[in-house]
Amino acid sequence: MNRAYYKSSISNFLQESSESILGKIVDQYDLNRQEIQQKNAWKKQILILKNTLQNLNGEIYFEFSIPRMGKRVDNIVIIDNCIFIVEFKIGANNFDKYAKDQVFDYALDMNHFHEGSHNKIIIPLLVADNAVESKNTFIKKVDNLYDVIYSNSKTLIETIKFSLQHFKNTSEKIDVSSWENSSYKPTPTIIEAATALYKNHSVKEISRSGAEAKNLSLTSECISYIIDYSKKNNQKSICFVTGVPGAGKTLAGLNIANIRSNYEEEEHTVFLSGNGPLVDVLREALARDKVKTAKENNNPITKGQATSQVKSFIQNIHHFRDASLKDEKAPIEKVTIFDEAQRAWTKEQASKFMKRNKGRDDFEKSEPEFLIEVMDRHEDWCTIVCLIGGGQEINTGEAGLEEWIRPFSDFFPEWKIFYSSKITEDKDYMKDFSILNILNKRNAVKKDELHLSVSLRSFRSAQLSSFIHEIIDNNASKAKDIYTASIKEHYPIKITRDLETAKNWLKNQANGSERIGIIASSGAIRLRPFGLNVKAKIDAPIWFLNDENDIRSSHFLEEVATQFDIQGLELDWTCLAWDGNFYYENNTWNFKNFKGSKWQNIIDPTNINYLINSYRVLLTRARQGMIIYIPYGNNEDNTRPSYMYDGTYNFFKDLGIEEI
């Protein structure tokens with residue numbers, strides 16, 4: 001795969017004419033976006049690099065693809081044992097923070113996800129051609145990746161030679177051929193993935209591949225096969241896709257929503273989610289990126305215009321439901337993808353809501369049954385894709401997978417059912433196995449490809465999901481074995497009894513634009529003495545997208561996100577603040593709810609399950625590592641007795657997790 005618009009040895013680059021080099025770059029560029037300004041920037045880059053690289057040997061690349069971010073770095077230059085990630089700011093007089101973060105993020109991406117760059121010396125280099133001379137020092141940030149160094153056009157040669165001299169004989173010379181042919185295995189955040197897919201990048205470009213991860217493209221291809229089968233045979237169908245937390249269910253769904261929206265053939269597809277924060281954050285991220293891209297292409301649009309355009313791609317499931325209540329015609333969409341479908345409402349919850357909020361006393365259906373009925377209005381074909389998370393129901397009235405299958409016992413006889421093999425085996429997906437009788441009666445088709453088994457969110461350790469599962473199930477011995485064998489070395493987990501220590505740890509771990517934040521259970525009411533108020537609602541798009549200068553952003557470490565805010569989303573590094581609503585004592589987990597001025601035992605098994613799943617969600621939100629903050633109790637305060645915190649602390653300590 002040719003990842004760069006132009007690549008050459010430095011010696012050939014120096015001999016080749018600037019016009020020829022520019023021509024090769026332009027040929028690779030999207031002509032619809034080509035502009036004089038961009039061509040002039042390339043001309044200047046070529047001239048500067050020709051003057052800089054005299055008497056040096058190595059390899060040079062222009063516009064090298066960074067697929068996870070949907071972007072291209074200006075240049076990569078490999079000389080001896082050093083990889084220079086070079087970003088030019090032509091005409092710039094200074095080194096602004098945005099440019100610094102940009103080039104460092106490119107370098108960080110190569111360090112994490114490009115196998116040929118692992119453990120190699122990586123130097124992000126920002127070139128502002130008109131800036132004053134800058135004195136550089138080398139500060140290692142992570143692995144063998146160093147902090148950004150700076151240069152102008154005149155001092156670039158000295159900067160590169162200074163770097164080569166500094167790292168001389170510290171490691172082996174890079175085998176360029178091996179480096180070029182090595183795998184790139186990105187793990188995008190859901191925000192990055194949605195943005196890249198919306199720009200028509202393929203799921204293969206932005207997802208991991210290889211034996212250690214389930215290939216998302218297989219699941220996407222299986223869903224596409226079901227859609228094609230339905231379309232060809234005028235068949236109505238439903239398929240159930242399962243996956244462990246962070247395995248890429250939402251990514252698979254977004255990919256299908258993107259590639260199966262064919263307006264010319266009237267094949268309309270929509271991605272639906274009942275997760276309000278997820279919808280709001282993804283829409284805002286797509287709208288911001290759309291405005292930014294349009295501005296870069298000298299075709300500016302307003303934020304309102306951008307928001308309006310992305311709304312058709314990602315919709316709130318409740319808005320879709322309410323529109324279908326008012327209009328009894330079939331919806332325009334032939335393919336509907338329901339994200340976190342296990343969170344749809346039971347008959348009791350849906351009926352109660354409809355009576356209270358919509359004035360509908362006659363609504364006697366579960367939300368899944370109604371949504372199937374809506375799609376059944378199509379006269380020819382349609383497909384429903386249900387993305388199911390195991391053990392992810394976290395709120396009152398969430399139905400689980402069973403409620404999507406029950407309607408097929410007595411209704412919708414013409415529908416075809418496809419399901420992941422995992423739902424027949426794992427109680428995290430199905431609590432009532434009598435439902436399998438319905439699948440057997442309807443001759444449902446089982447497909448292994450509809451299950452995503454490996455978490456990609458925590459790319460440092462694919463075993464994180466299994467580790468958390470054993471913790472939640474109180475299998476301390478198994479959890480310790482997984483931690484020792486698969487997590488400790490690669491995925492940092494720490495515990496602390498001091499909140500400021502936790503905050504400082506987060507700040508020290510994050511590099512570039514990596515995102516940090518504090519999360520806690522919505523029932524963690526007695527964290528308030530420590531300044532953490534879970535009842536104060538965050539503004540999700542601001543918390544997840546704004547930078548460290550905004551006091552409302554996750555970076556500022558003041559506002560706390562709960563499981564309701566962060567389910568389906570993620571941060572790079574988290575501090576999970578742990579309260580007494582879920583505490584360990586006498587070799588078991590205990591479940592509490594704070595009401596009025598005291599803790600009460602949770603007796604109802606359904607509510608216990610919601611609490612367990614809340615902590616399961618919180619423990620699987622960090623891509624790169626987390627610190628668990630367990631405060632000290634206070635026996636003078638009967639709402640914070642020491643035993644409600646010390647037992648949990650000792651449980652994690654006994655697993656081998658280090659206290660800082």
# chains A, B, ... in the order shown; residues from 1 in each chain; ligands from 1

call {"tool": "residues_around", "arguments": {"residues": "segment 303-316 of chain A", "least_positions_apart": "2", "cutoff": "8 Å", "atoms": "only C-alpha atoms", "output": "PDB file with C-alpha atoms, in the first residue's frame"}}
result
ATOM      1  CA  ALA A 257     -24.754   3.675   7.965  1.00  0.00           C
ATOM      2  CA  ASN A 258     -22.126   5.343   5.811  1.00  0.00           C
ATOM      3  CA  THR A 269     -29.814   4.195   6.098  1.00  0.00           C
ATOM      4  CA  VAL A 270     -29.778   5.778   9.538  1.00  0.00           C
ATOM      5  CA  PHE A 271     -27.734   5.212  12.694  1.00  0.00           C
ATOM      6  CA  LEU A 272     -30.034   5.501  15.730  1.00  0.00           C
ATOM      7  CA  SER A 273     -29.069   5.669  19.379  1.00  0.00           C
ATOM      8  CA  GLY A 274     -30.980   6.232  22.586  1.00  0.00           C
ATOM      9  CA  ASN A 275     -27.713   7.405  24.123  1.00  0.00           C
ATOM     10  CA  GLY A 276     -28.265  11.173  24.160  1.00  0.00           C
ATOM     11  CA  VAL A 279     -25.543  11.416  19.688  1.00  0.00           C
ATOM     12  CA  LEU A 282     -20.789  12.738  17.582  1.00  0.00           C
ATOM     13  CA  ARG A 283     -23.013  15.299  15.881  1.00  0.00           C
ATOM     14  CA  GLU A 284     -21.025  18.173  17.343  1.00  0.00           C
ATOM     15  CA  LEU A 286     -18.879  15.947  12.802  1.00  0.00           C
ATOM     16  CA  ALA A 287     -20.291  19.467  12.500  1.00  0.00           C
ATOM     17  CA  ARG A 288     -17.091  21.077  13.831  1.00  0.00           C
ATOM     18  CA  LYS A 290     -17.258  19.828   8.535  1.00  0.00           C
ATOM     19  CA  VAL A 291     -16.935  23.573   9.229  1.00  0.00           C
ATOM     20  CA  ILE A 301     -20.317  26.951   5.674  1.00  0.00           C
ATOM     21  CA  HIS A 318     -36.551   8.667  20.589  1.00  0.00           C
ATOM     22  CA  HIS A 319     -36.963  11.321  17.906  1.00  0.00           C
ATOM     23  CA  PHE A 320     -37.296   8.564  15.309  1.00  0.00           C
TER      24      PHE A 320
END

call {"tool": "residues_around", "arguments": {"residues": "Lys50 of chain A", "least_positions_apart": "4", "cutoff": "9 Å", "atoms": "only C-alpha atoms", "output": "ChimeraX atom specification"}}
result
/A:10,13-14,18,45-46,54

call {"tool": "select_by_dssp", "arguments": {"residues": "segment 17-153 of chain A", "states": "helix (DSSP H, G or I)", "output": "VMD selection string"}}
result
chain A and resid 18 to 28 36 to 52 67 to 69 97 to 113 115 to 117

call {"tool": "write_last_selection", "arguments": {"atoms": "C-alpha atoms", "output": "PDB file, in the first residue's frame"}}
result
ATOM      1  CA  SER A  18      11.151  20.289  -8.298  1.00  0.00           C
ATOM      2  CA  GLU A  19       8.567  20.385 -11.098  1.00  0.00           C
ATOM      3  CA  SER A  20       8.594  16.590 -11.400  1.00  0.00           C
ATOM      4  CA  ILE A  21       8.218  16.119  -7.637  1.00  0.00           C
ATOM      5  CA  LEU A  22       5.376  18.626  -7.498  1.00  0.00           C
ATOM      6  CA  GLY A  23       3.670  16.932 -10.427  1.00  0.00           C
ATOM      7  CA  LYS A  24       3.733  13.554  -8.705  1.00  0.00           C
ATOM      8  CA  ILE A  25       2.269  15.020  -5.525  1.00  0.00           C
ATOM      9  CA  VAL A  26      -0.464  16.907  -7.400  1.00  0.00           C
ATOM     10  CA  ASP A  27      -1.406  13.754  -9.333  1.00  0.00           C
ATOM     11  CA  GLN A  28      -2.264  12.065  -6.032  1.00  0.00           C
ATOM     12  CA  ILE A  36      -2.899  27.648  -5.713  1.00  0.00           C
ATOM     13  CA  GLN A  37      -2.128  28.125  -2.020  1.00  0.00           C
ATOM     14  CA  GLN A  38      -1.525  24.407  -1.478  1.00  0.00           C
ATOM     15  CA  LYS A  39       0.640  24.107  -4.588  1.00  0.00           C
ATOM     16  CA  ASN A  40       2.735  27.065  -3.491  1.00  0.00           C
ATOM     17  CA  ALA A  41       3.192  25.510  -0.055  1.00  0.00           C
ATOM     18  CA  TRP A  42       4.472  22.295  -1.646  1.00  0.00           C
ATOM     19  CA  LYS A  43       6.823  24.281  -3.886  1.00  0.00           C
ATOM     20  CA  LYS A  44       8.279  26.019  -0.835  1.00  0.00           C
ATOM     21  CA  GLN A  45       8.575  22.726   1.072  1.00  0.00           C
ATOM     22  CA  ILE A  46      10.404  21.061  -1.801  1.00  0.00           C
ATOM     23  CA  LEU A  47      12.852  23.983  -2.075  1.00  0.00           C
ATOM     24  CA  ILE A  48      13.539  24.072   1.678  1.00  0.00           C
ATOM     25  CA  LEU A  49      14.075  20.306   1.848  1.00  0.00           C
ATOM     26  CA  LYS A  50      16.367  20.265  -1.192  1.00  0.00           C
ATOM     27  CA  ASN A  51      18.537  22.903   0.483  1.00  0.00           C
ATOM     28  CA  THR A  52      18.391  21.080   3.817  1.00  0.00           C
ATOM     29  CA  PRO A  67      -5.520   6.925   8.654  1.00  0.00           C
ATOM     30  CA  ARG A  68      -6.778   6.884  12.254  1.00  0.00           C
ATOM     31  CA  MET A  69      -6.963  10.672  12.178  1.00  0.00           C
ATOM     32  CA  LYS A  97       0.166  25.427  20.195  1.00  0.00           C
ATOM     33  CA  TYR A  98      -2.266  23.971  17.665  1.00  0.00           C
ATOM     34  CA  ALA A  99       0.584  23.217  15.243  1.00  0.00           C
ATOM     35  CA  LYS A 100       2.697  21.719  18.031  1.00  0.00           C
ATOM     36  CA  ASP A 101      -0.139  19.417  19.141  1.00  0.00           C
ATOM     37  CA  GLN A 102      -0.808  18.489  15.521  1.00  0.00           C
ATOM     38  CA  VAL A 103       2.711  17.272  14.742  1.00  0.00           C
ATOM     39  CA  PHE A 104       3.068  15.567  18.126  1.00  0.00           C
ATOM     40  CA  ASP A 105      -0.232  13.728  17.599  1.00  0.00           C
ATOM     41  CA  TYR A 106       1.029  12.477  14.226  1.00  0.00           C
ATOM     42  CA  ALA A 107       4.188  11.193  15.888  1.00  0.00           C
ATOM     43  CA  LEU A 108       2.231   9.642  18.749  1.00  0.00           C
ATOM     44  CA  ASP A 109       0.006   7.878  16.246  1.00  0.00           C
ATOM     45  CA  MET A 110       3.028   6.391  14.461  1.00  0.00           C
ATOM     46  CA  ASN A 111       4.513   5.317  17.787  1.00  0.00           C
ATOM     47  CA  HIS A 112       1.350   3.542  18.927  1.00  0.00           C
ATOM     48  CA  PHE A 113      -0.030   2.052  15.740  1.00  0.00           C
ATOM     49  CA  GLU A 115       4.625  -1.525  13.827  1.00  0.00           C
ATOM     50  CA  GLY A 116       7.746  -0.419  11.970  1.00  0.00           C
ATOM     51  CA  SER A 117       7.982   2.637  14.218  1.00  0.00           C
TER      52      SER A 117
END

call {"tool": "residues_around", "arguments": {"residues": "Leu532 of chain A", "least_positions_apart": "3", "cutoff": "12 Å", "atoms": "only C-alpha atoms", "output": "list in words"}}
result
Leu499, Ile518, Ile519, Ala520, Ser521, Ser522, Gly523, Ala524, Ile525, Arg526, Leu527, Arg528, Pro529, Lys535, Ala536, Lys537, Leu557, Glu558, Glu559, Val560, Ala561, Thr562, Cys575, Leu576, Ala577, Trp578, Asp579, Tyr629 and Pro631 of chain A

call {"tool": "select_by_dssp", "arguments": {"residues": "segment 396-448 of chain A", "states": "strand (DSSP E or B)", "output": "PDB file with C-alpha atoms, in the first residue's frame"}}
result
ATOM      1  CA  GLU A 398     -33.936  -1.013  29.890  1.00  0.00           C
ATOM      2  CA  LYS A 416     -35.927 -13.439   8.812  1.00  0.00           C
ATOM      3  CA  ILE A 417     -33.754 -13.419  11.961  1.00  0.00           C
ATOM      4  CA  PHE A 418     -29.923 -13.515  12.008  1.00  0.00           C
ATOM      5  CA  TYR A 419     -28.075 -13.571  15.308  1.00  0.00           C
ATOM      6  CA  SER A 420     -24.612 -13.673  16.824  1.00  0.00           C
ATOM      7  CA  VAL A 445     -29.734 -18.138  11.355  1.00  0.00           C
ATOM      8  CA  LYS A 446     -26.702 -18.138  13.666  1.00  0.00           C
ATOM      9  CA  LYS A 447     -23.571 -16.352  12.391  1.00  0.00           C
TER      10      LYS A 447
END

call {"tool": "residues_around", "arguments": {"residues": "Glu585 of chain A", "least_positions_apart": "2", "cutoff": "8 Å", "atoms": "only C-alpha atoms", "output": "number ranges by chain"}}
result
A: 583, 587-590, 643-644, 647-648

call {"tool": "residues_around", "arguments": {"residues": "Arg442 of chain A", "least_positions_apart": "5", "cutoff": "9 Å", "atoms": "only C-alpha atoms", "output": "PyMOL selection string"}}
result
chain A and resi 408-409+413+415-417+437

call {"tool": "residues_around", "arguments": {"residues": "Ile122 of chain A", "least_positions_apart": "3", "cutoff": "12 Å", "atoms": "only C-alpha atoms", "output": "ChimeraX atom specification"}}
result
/A:76-86,103-112,114,116-119,125,138-149,163-164,167,171,174

call {"tool": "residues_around", "arguments": {"residues": "segment 399-401 of chain A", "least_positions_apart": "6", "cutoff": "9 Å", "atoms": "only C-alpha atoms", "output": "list in words"}}
result
Phe240, Ala341, Gln342, Arg343, Ala344, Trp345, Thr346, Lys347, Gln349, Ser366, Glu367, Pro368, Cys386, Ile388, Gly391, Gln392, Glu393, Ile423, Tyr429, Met430 and Lys431 of chain A

call {"tool": "closest_residue", "arguments": {"among": "A:Ala128, A:Lys422, A:Asp280, A:Glu59", "to": "Ala540 of chain A", "atoms": "only C-alpha atoms"}}
result
A:Asp280

call {"tool": "atom_distance", "arguments": {"atom1": "atom CA of Phe467 of chain A", "atom2": "atom CA of Leu571 of chain A"}}
result
18.7 Å

call {"tool": "atom_distance", "arguments": {"atom1": "atom CA of Thr189 of chain A", "atom2": "atom CA of Leu619 of chain A"}}
result
16.6 Å
